[in-house]
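See below for coords.pdb, which holds PDB, C-alpha atoms, pLDDT in the B column.
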```pdb
ATOM      1  CA  MET G  18       9.737  50.965   9.374  1.00 50.00           C
ATOM      2  CA  ARG G  19      10.186  47.232   9.530  1.00 52.00           C
ATOM      3  CA  THR G  20       9.696  45.101   6.440  1.00 53.00           C
ATOM      4  CA  CYS G  21       8.875  41.435   6.469  1.00 54.00           C
ATOM      5  CA  ARG G  22      10.857  39.186   4.210  1.00 50.00           C
ATOM      6  CA  PRO G  23       9.888  35.646   3.480  1.00 53.00           C
ATOM      7  CA  THR G  24      12.198  33.257   5.262  1.00 56.00           C
ATOM      8  CA  TYR G  25      11.099  30.321   3.209  1.00 63.00           C
ATOM      9  CA  ILE G  26      10.799  30.168  -0.563  1.00 78.00           C
ATOM     10  CA  GLN G  27       9.897  27.049  -2.508  1.00 85.00           C
ATOM     11  CA  GLN G  28      12.152  26.605  -5.531  1.00 89.00           C
ATOM     12  CA  PRO G  29      10.878  24.637  -8.530  1.00 91.00           C
ATOM     13  CA  LEU G  30      12.881  21.701  -9.846  1.00 92.00           C
ATOM     14  CA  GLY G  31      14.701  22.209 -13.118  1.00 89.00           C
ATOM     15  CA  ARG G  32      12.224  22.159 -15.983  1.00 91.00           C
ATOM     16  CA  LEU G  33      14.382  19.608 -17.781  1.00 92.00           C
ATOM     17  CA  ALA G  34      16.261  16.655 -16.336  1.00 93.00           C
ATOM     18  CA  PRO G  35      19.884  17.439 -15.411  1.00 92.00           C
ATOM     19  CA  HIS G  36      22.136  17.402 -18.488  1.00 90.00           C
ATOM     20  CA  GLY G  37      23.725  14.099 -19.494  1.00 88.00           C
ATOM     21  CA  ILE G  38      21.736  11.924 -17.091  1.00 89.00           C
ATOM     22  CA  LYS G  39      20.703   8.390 -17.971  1.00 89.00           C
ATOM     23  CA  PRO G  40      18.945   7.149 -14.826  1.00 92.00           C
ATOM     24  CA  ALA G  41      20.210   3.696 -13.831  1.00 85.00           C
ATOM     25  CA  LYS G  42      17.253   2.822 -11.622  1.00 92.00           C
ATOM     26  CA  ILE G  43      13.876   3.894 -10.246  1.00 94.00           C
ATOM     27  CA  ILE G  44      13.601   4.886  -6.596  1.00 94.00           C
ATOM     28  CA  ARG G  45      10.067   4.608  -5.237  1.00 94.00           C
ATOM     29  CA  PHE G  46       9.249   6.706  -2.192  1.00 94.00           C
ATOM     30  CA  HIS G  47       5.863   6.021  -0.573  1.00 94.00           C
ATOM     31  CA  VAL G  48       3.965   8.596   1.478  1.00 94.00           C
ATOM     32  CA  LEU G  49       1.086   7.163   3.496  1.00 93.00           C
ATOM     33  CA  MET G  50      -1.497   9.256   5.309  1.00 92.00           C
ATOM     34  CA  GLY G  51      -4.284   7.651   7.313  1.00 87.00           C
ATOM     35  CA  VAL G  52      -5.704   7.114  10.763  1.00 87.00           C
ATOM     36  CA  GLU G  53      -3.982   5.021  13.436  1.00 89.00           C
ATOM     37  CA  ASP G  54      -5.489   4.702  16.918  1.00 92.00           C
ATOM     38  CA  GLY G  55      -7.896   7.560  16.171  1.00 90.00           C
ATOM     39  CA  ARG G  56      -5.131   9.968  15.117  1.00 91.00           C
ATOM     40  CA  ILE G  57      -3.929  11.159  11.741  1.00 86.00           C
ATOM     41  CA  ALA G  58      -0.671   9.411  10.911  1.00 88.00           C
ATOM     42  CA  LEU G  59       1.917  10.267   8.248  1.00 90.00           C
ATOM     43  CA  ARG G  60       4.532   7.706   7.321  1.00 90.00           C
ATOM     44  CA  TYR G  61       7.010   7.493   4.480  1.00 89.00           C
ATOM     45  CA  HIS G  62       9.673   5.106   3.287  1.00 88.00           C
ATOM     46  CA  GLN G  63      11.902   4.346   0.347  1.00 89.00           C
ATOM     47  CA  GLU G  64      11.018   1.042  -1.283  1.00 84.00           C
ATOM     48  CA  LYS G  65      13.823  -1.505  -1.068  1.00 73.00           C
ATOM     49  CA  THR G  66      14.821  -3.070  -4.376  1.00 64.00           C
ATOM     50  CA  ASP G  67      16.390  -6.149  -2.799  1.00 58.00           C
ATOM     51  CA  GLY G  68      13.084  -7.516  -1.450  1.00 56.00           C
ATOM     52  CA  SER G  69      13.827  -6.718   2.205  1.00 54.00           C
ATOM     53  CA  ASP G  70      11.405  -4.820   4.431  1.00 58.00           C
ATOM     54  CA  PRO G  71      11.306  -1.044   3.857  1.00 56.00           C
ATOM     55  CA  THR G  72      13.069   1.162   6.341  1.00 60.00           C
ATOM     56  CA  GLU G  73      11.204   4.216   7.551  1.00 60.00           C
ATOM     57  CA  LEU G  74      13.862   6.717   6.514  1.00 67.00           C
ATOM     58  CA  GLU G  75      13.059  10.375   6.657  1.00 73.00           C
ATOM     59  CA  TYR G  76      14.956  10.948   3.437  1.00 85.00           C
ATOM     60  CA  ILE G  77      15.436   9.645  -0.100  1.00 92.00           C
ATOM     61  CA  ALA G  78      18.859   8.075  -0.665  1.00 92.00           C
ATOM     62  CA  ILE G  79      20.429   8.902  -4.053  1.00 94.00           C
ATOM     63  CA  GLU G  80      23.244   6.386  -4.606  1.00 92.00           C
ATOM     64  CA  GLU G  81      23.367   6.690  -8.406  1.00 94.00           C
ATOM     65  CA  ASP G  82      21.584   8.611 -11.174  1.00 96.00           C
ATOM     66  CA  ALA G  83      17.921   7.676 -10.828  1.00 96.00           C
ATOM     67  CA  THR G  84      14.311   8.473 -11.529  1.00 97.00           C
ATOM     68  CA  VAL G  85      12.546   9.191  -8.235  1.00 96.00           C
ATOM     69  CA  GLU G  86       8.845   8.318  -8.033  1.00 97.00           C
ATOM     70  CA  ILE G  87       6.766   9.653  -5.172  1.00 97.00           C
ATOM     71  CA  HIS G  88       3.578   7.618  -4.566  1.00 97.00           C
ATOM     72  CA  LEU G  89       0.823   9.004  -2.337  1.00 97.00           C
ATOM     73  CA  HIS G  90      -1.406   6.587  -0.410  1.00 96.00           C
ATOM     74  CA  GLY G  91      -4.564   7.439   1.513  1.00 93.00           C
ATOM     75  CA  ASP G  92      -8.091   8.560   0.698  1.00 90.00           C
ATOM     76  CA  GLN G  93      -7.429  12.232   1.403  1.00 92.00           C
ATOM     77  CA  ILE G  94      -3.972  13.017   0.033  1.00 96.00           C
ATOM     78  CA  PHE G  95      -3.165  14.136  -3.530  1.00 97.00           C
ATOM     79  CA  PHE G  96      -0.474  16.257  -5.161  1.00 98.00           C
ATOM     80  CA  SER G  97      -1.157  19.974  -4.929  1.00 97.00           C
ATOM     81  CA  LYS G  98      -2.801  21.838  -7.769  1.00 95.00           C
ATOM     82  CA  GLU G  99      -1.619  25.183  -6.379  1.00 93.00           C
ATOM     83  CA  LEU G 100       2.092  24.311  -6.028  1.00 94.00           C
ATOM     84  CA  ASP G 101       4.461  22.041  -7.933  1.00 96.00           C
ATOM     85  CA  ALA G 102       4.316  18.531  -6.468  1.00 97.00           C
ATOM     86  CA  ILE G 103       8.030  18.649  -5.615  1.00 96.00           C
ATOM     87  CA  THR G 104       9.996  21.772  -4.712  1.00 94.00           C
ATOM     88  CA  THR G 105      13.285  22.471  -2.972  1.00 91.00           C
ATOM     89  CA  LYS G 106      14.350  25.044  -0.400  1.00 86.00           C
ATOM     90  CA  GLU G 107      17.348  26.138  -2.446  1.00 85.00           C
ATOM     91  CA  GLU G 108      18.262  26.186  -6.134  1.00 86.00           C
ATOM     92  CA  LEU G 109      19.147  22.583  -6.998  1.00 89.00           C
ATOM     93  CA  GLY G 110      18.309  22.475 -10.722  1.00 86.00           C
ATOM     94  CA  GLY G 111      21.723  20.971 -11.477  1.00 90.00           C
ATOM     95  CA  PHE G 112      20.756  17.865  -9.513  1.00 94.00           C
ATOM     96  CA  TYR G 113      16.979  17.481  -9.978  1.00 95.00           C
ATOM     97  CA  GLY G 114      14.555  18.152 -12.793  1.00 95.00           C
ATOM     98  CA  GLY G 115      12.069  16.891 -15.340  1.00 96.00           C
ATOM     99  CA  LEU G 116       9.030  16.759 -13.025  1.00 97.00           C
ATOM    100  CA  GLU G 117       6.194  14.603 -14.408  1.00 97.00           C
ATOM    101  CA  TYR G 118       2.808  13.548 -13.061  1.00 98.00           C
ATOM    102  CA  ASP G 119       0.924  10.241 -13.205  1.00 98.00           C
ATOM    103  CA  GLY G 120      -1.895   8.428 -11.410  1.00 97.00           C
ATOM    104  CA  TYR G 121      -4.595  10.946 -12.368  1.00 98.00           C
ATOM    105  CA  ASP G 122      -7.932  10.782 -10.522  1.00 95.00           C
ATOM    106  CA  GLU G 123     -10.540  12.156 -12.957  1.00 95.00           C
ATOM    107  CA  LYS G 124     -13.267  12.538 -10.331  1.00 91.00           C
ATOM    108  CA  LEU G 125     -11.126  14.758  -8.077  1.00 92.00           C
ATOM    109  CA  ASP G 126      -8.893  16.261 -10.802  1.00 95.00           C
ATOM    110  CA  HIS G 127      -5.684  15.510  -8.873  1.00 96.00           C
ATOM    111  CA  TYR G 128      -2.612  13.262  -9.217  1.00 98.00           C
ATOM    112  CA  ARG G 129      -1.211  10.546  -6.932  1.00 98.00           C
ATOM    113  CA  VAL G 130       2.233   9.968  -8.508  1.00 98.00           C
ATOM    114  CA  ALA G 131       5.013  12.409  -9.349  1.00 98.00           C
ATOM    115  CA  ARG G 132       8.459  11.604 -10.709  1.00 97.00           C
ATOM    116  CA  PHE G 133      11.661  13.469 -11.412  1.00 97.00           C
ATOM    117  CA  VAL G 134      15.237  12.723 -12.409  1.00 97.00           C
ATOM    118  CA  ALA G 135      18.001  12.900  -9.799  1.00 96.00           C
ATOM    119  CA  LYS G 136      21.694  13.273 -10.605  1.00 96.00           C
ATOM    120  CA  HIS G 137      23.986  11.481  -8.165  1.00 95.00           C
ATOM    121  CA  ASN G 138      26.307  13.853  -6.334  1.00 93.00           C
ATOM    122  CA  LYS G 139      29.342  11.749  -7.297  1.00 91.00           C
ATOM    123  CA  GLY G 140      32.344  12.874  -5.320  1.00 91.00           C
ATOM    124  CA  GLY G 141      30.128  14.783  -2.897  1.00 92.00           C
ATOM    125  CA  LYS G 142      30.517  14.523   0.860  1.00 94.00           C
ATOM    126  CA  TYR G 143      28.597  11.559   2.341  1.00 94.00           C
ATOM    127  CA  ASP G 144      25.336  12.508   4.068  1.00 93.00           C
ATOM    128  CA  THR G 145      24.897  15.714   2.027  1.00 93.00           C
ATOM    129  CA  THR G 146      21.359  16.945   2.650  1.00 92.00           C
ATOM    130  CA  HIS G 147      19.290  18.538  -0.090  1.00 92.00           C
ATOM    131  CA  PRO G 148      16.108  19.836   1.519  1.00 89.00           C
ATOM    132  CA  PHE G 149      12.996  19.324  -0.547  1.00 90.00           C
ATOM    133  CA  ASN G 150       9.220  19.427  -0.187  1.00 93.00           C
ATOM    134  CA  ILE G 151       6.323  17.248  -1.222  1.00 96.00           C
ATOM    135  CA  ASN G 152       3.350  19.577  -1.719  1.00 97.00           C
ATOM    136  CA  VAL G 153      -0.041  17.961  -1.304  1.00 97.00           C
ATOM    137  CA  ASP G 154      -3.690  18.852  -1.101  1.00 97.00           C
ATOM    138  CA  PHE G 155      -5.541  17.318   1.831  1.00 94.00           C
ATOM    139  CA  LEU G 156      -9.156  16.525   0.931  1.00 93.00           C
ATOM    140  CA  GLN G 157     -11.957  17.490   3.286  1.00 89.00           C
ATOM    141  CA  ARG G 158     -15.659  17.358   2.524  1.00 80.00           C
ATOM    142  CA  HIS G 159     -18.105  20.022   3.550  1.00 68.00           C
ATOM    143  CA  CYS G 160     -21.696  19.344   4.505  1.00 69.00           C
ATOM    144  CA  ASP G 161     -22.756  20.471   0.991  1.00 75.00           C
ATOM    145  CA  GLY G 162     -20.779  17.493  -0.399  1.00 77.00           C
ATOM    146  CA  LYS G 163     -18.250  19.567  -2.339  1.00 81.00           C
ATOM    147  CA  PRO G 164     -14.559  18.890  -1.742  1.00 85.00           C
ATOM    148  CA  LYS G 165     -12.482  21.377   0.184  1.00 91.00           C
ATOM    149  CA  TRP G 166      -8.714  21.263  -0.255  1.00 94.00           C
ATOM    150  CA  ILE G 167      -6.087  22.250   2.293  1.00 94.00           C
ATOM    151  CA  VAL G 168      -2.521  22.694   1.007  1.00 94.00           C
ATOM    152  CA  LEU G 169       0.128  20.912   3.110  1.00 94.00           C
ATOM    153  CA  THR G 170       3.874  20.594   2.693  1.00 93.00           C
ATOM    154  CA  ILE G 171       5.602  17.381   3.751  1.00 92.00           C
ATOM    155  CA  ASP G 172       9.253  17.946   4.519  1.00 88.00           C
ATOM    156  CA  PRO G 173      11.556  14.948   4.036  1.00 88.00           C
ATOM    157  CA  ASP G 174      15.073  15.432   2.663  1.00 86.00           C
ATOM    158  CA  ILE G 175      17.187  13.941  -0.081  1.00 92.00           C
ATOM    159  CA  LYS G 176      20.595  12.597   0.941  1.00 93.00           C
ATOM    160  CA  ASN G 177      22.850  12.857  -2.095  1.00 92.00           C
ATOM    161  CA  PRO G 178      25.081  11.005  -1.496  1.00 86.00           C
ATOM    162  CA  PRO G 179      23.514   9.280   1.520  1.00 90.00           C
ATOM    163  CA  PRO G 180      25.337   8.356   4.727  1.00 89.00           C
ATOM    164  CA  MET G 181      28.044   5.727   4.365  1.00 84.00           C
ATOM    165  CA  ARG G 182      26.695   2.232   4.976  1.00 73.00           C
ATOM    166  CA  THR G 183      28.530   0.220   7.565  1.00 63.00           C
TER     167      THR G 183
END
```
Could I get this file's structure written as structure tokens?
Amino acid sequence: MRTCRPTYIQQPLGRLAPHGIKPAKIIRFHVLMGVEDGRIALRYHQEKTDGSDPTELEYIAIEEDATVEIHLHGDQIFFSKELDAITTKEELGGFYGGLEYDGYDEKLDHYRVARFVAKHNKGGKYDTTHPFNINVDFLQRHCDGKPKWIVLTIDPDIKNPPPMRT
């Protein structure tokens, strides 16, 4: 008899922020979902703090202890009510924790902003990937006017520490 085992388990962030962390900065990561040329488009980028144009990285770069804020943009995308907004694919509670929500939409009973504390992997190998998930609910309307929600997982990564800049 063959048994099926899940090959993918979403791990929650640590309930509390990693011990001894005093975040030095805020990293804002923007997730945009909309329509471009008649097709659904998903884009994300880390906001630059030096005023330069954002780079469409497929990861969040942790260069020092920080608070990471994920901002959702688009009429149909909100943080999931069924799953934690942010999860990882492996146990990383020593690096990430203290998940909080903000940007509450009373009409739809969902959030648009989530934040957590990230501990810099000081002394870690450059370009170390920590796989994580952004869990969202995609809003659809039925003909009866009531919202219908579809759970989606967006799959960027955290680089902690990120690749060496040249």
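With all atoms listed in the file as the atoms that count, the residue of G:Asn152, G:Pro180, G:Tyr113, G:Phe95 with the shortest distance to Ala78 in chain G is G:Pro180.
Of the residues under consideration (G:Arg32, G:Glu81, G:Lys39, G:Ile87), G:Ile87 shows the shortest atom-to-atom contact distance to Glu64 in chain G when counting only C-alpha atoms.
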Practice task
Fewer than 6 positions away in the same chain doesn't count, so skip those; otherwise give me all residues within 10 Å of Ala135 in chain G, counting all atoms listed in the file, as a VMD selection string.
Solution key: chain G and resid 34 to 35 38 to 40 43 to 44 79 to 85 110 to 115 175 177
Carefully work through the PyMOL selection byres ((chain G and resi 97-109) around 7) for this structure and note down the residues it includes, as a PDB file with C-alpha atoms, keeping the file's coordinate frame.
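Saved file expr33.pdb follows:
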```
ATOM      1  CA  ILE G  26      10.799  30.168  -0.563  1.00 78.00           C
ATOM      2  CA  GLN G  27       9.897  27.049  -2.508  1.00 85.00           C
ATOM      3  CA  GLN G  28      12.152  26.605  -5.531  1.00 89.00           C
ATOM      4  CA  PRO G  29      10.878  24.637  -8.530  1.00 91.00           C
ATOM      5  CA  LEU G  30      12.881  21.701  -9.846  1.00 92.00           C
ATOM      6  CA  PHE G  95      -3.165  14.136  -3.530  1.00 97.00           C
ATOM      7  CA  PHE G  96      -0.474  16.257  -5.161  1.00 98.00           C
ATOM      8  CA  GLY G 110      18.309  22.475 -10.722  1.00 86.00           C
ATOM      9  CA  GLY G 111      21.723  20.971 -11.477  1.00 90.00           C
ATOM     10  CA  PHE G 112      20.756  17.865  -9.513  1.00 94.00           C
ATOM     11  CA  TYR G 113      16.979  17.481  -9.978  1.00 95.00           C
ATOM     12  CA  ALA G 131       5.013  12.409  -9.349  1.00 98.00           C
ATOM     13  CA  PRO G 148      16.108  19.836   1.519  1.00 89.00           C
ATOM     14  CA  PHE G 149      12.996  19.324  -0.547  1.00 90.00           C
ATOM     15  CA  ASN G 150       9.220  19.427  -0.187  1.00 93.00           C
ATOM     16  CA  ILE G 151       6.323  17.248  -1.222  1.00 96.00           C
ATOM     17  CA  ASN G 152       3.350  19.577  -1.719  1.00 97.00           C
ATOM     18  CA  VAL G 153      -0.041  17.961  -1.304  1.00 97.00           C
ATOM     19  CA  ASP G 154      -3.690  18.852  -1.101  1.00 97.00           C
ATOM     20  CA  VAL G 168      -2.521  22.694   1.007  1.00 94.00           C
TER      21      VAL G 168
END
```
ask   = Which polymer residues, protein or nucleic acid, are no farther than 6 Å from (15.8, 13.1, 0.9), counting all atoms listed in the file, as a ChimeraX atom specification?
value = /G:76-77,173-176
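Minimum atom-to-atom distances from G:Gln93, G:Gln63, G:Lys124, G:Asp54 to Arg158 in chain G were compared using all atoms listed in the file, and the lowest value belongs to G:Gln93.
Picked out by the PyMOL selection byres ((chain G and resi 157) around 12) when it runs on this file: Asp92, Gln93, Ile94, Phe95, Leu125, Asp154, Phe155, Leu156, Arg158, His159, Cys160, Asp161, Gly162, Lys163, Pro164, Lys165, Trp166, Ile167 and Val168 of chain G.
Nearest residue to Tyr118 in chain G among G:Arg56, G:His88, G:His147, G:Lys142 is G:His88, counting only C-alpha atoms.
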Who sits within 9 Å of Gly141 in chain G, only C-alpha atoms, same chain under 3 positions skipped, as an MDAnalysis selection string: chainID G and resid 137:138 144:145 177:178
Edge lengths and centre in Å, axis-aligned, range 90-94 of chain G plus 4 Å each side, as AutoDock Vina command-line options:
```
--center_x -4.7 --center_y 9.8 --center_z 0.6 --size_x 14.7 --size_y 14.4 --size_z 9.9
```
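You will find CA of Gly37 in chain G at 16.6 Å from CA of Gly140 in chain G.
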Pairwise distance, CA of Leu89 in chain G with CA of Val130 in chain G, equals 6.4 Å
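Interatomic distance, CA of Lys136 in chain G to CA of Leu33 in chain G: 12.0 Å.
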Restricting to all atoms listed in the file, whichever of G:Gly31, G:Phe133, G:Thr146, G:Glu123 is closest to Arg45 in chain G is G:Phe133
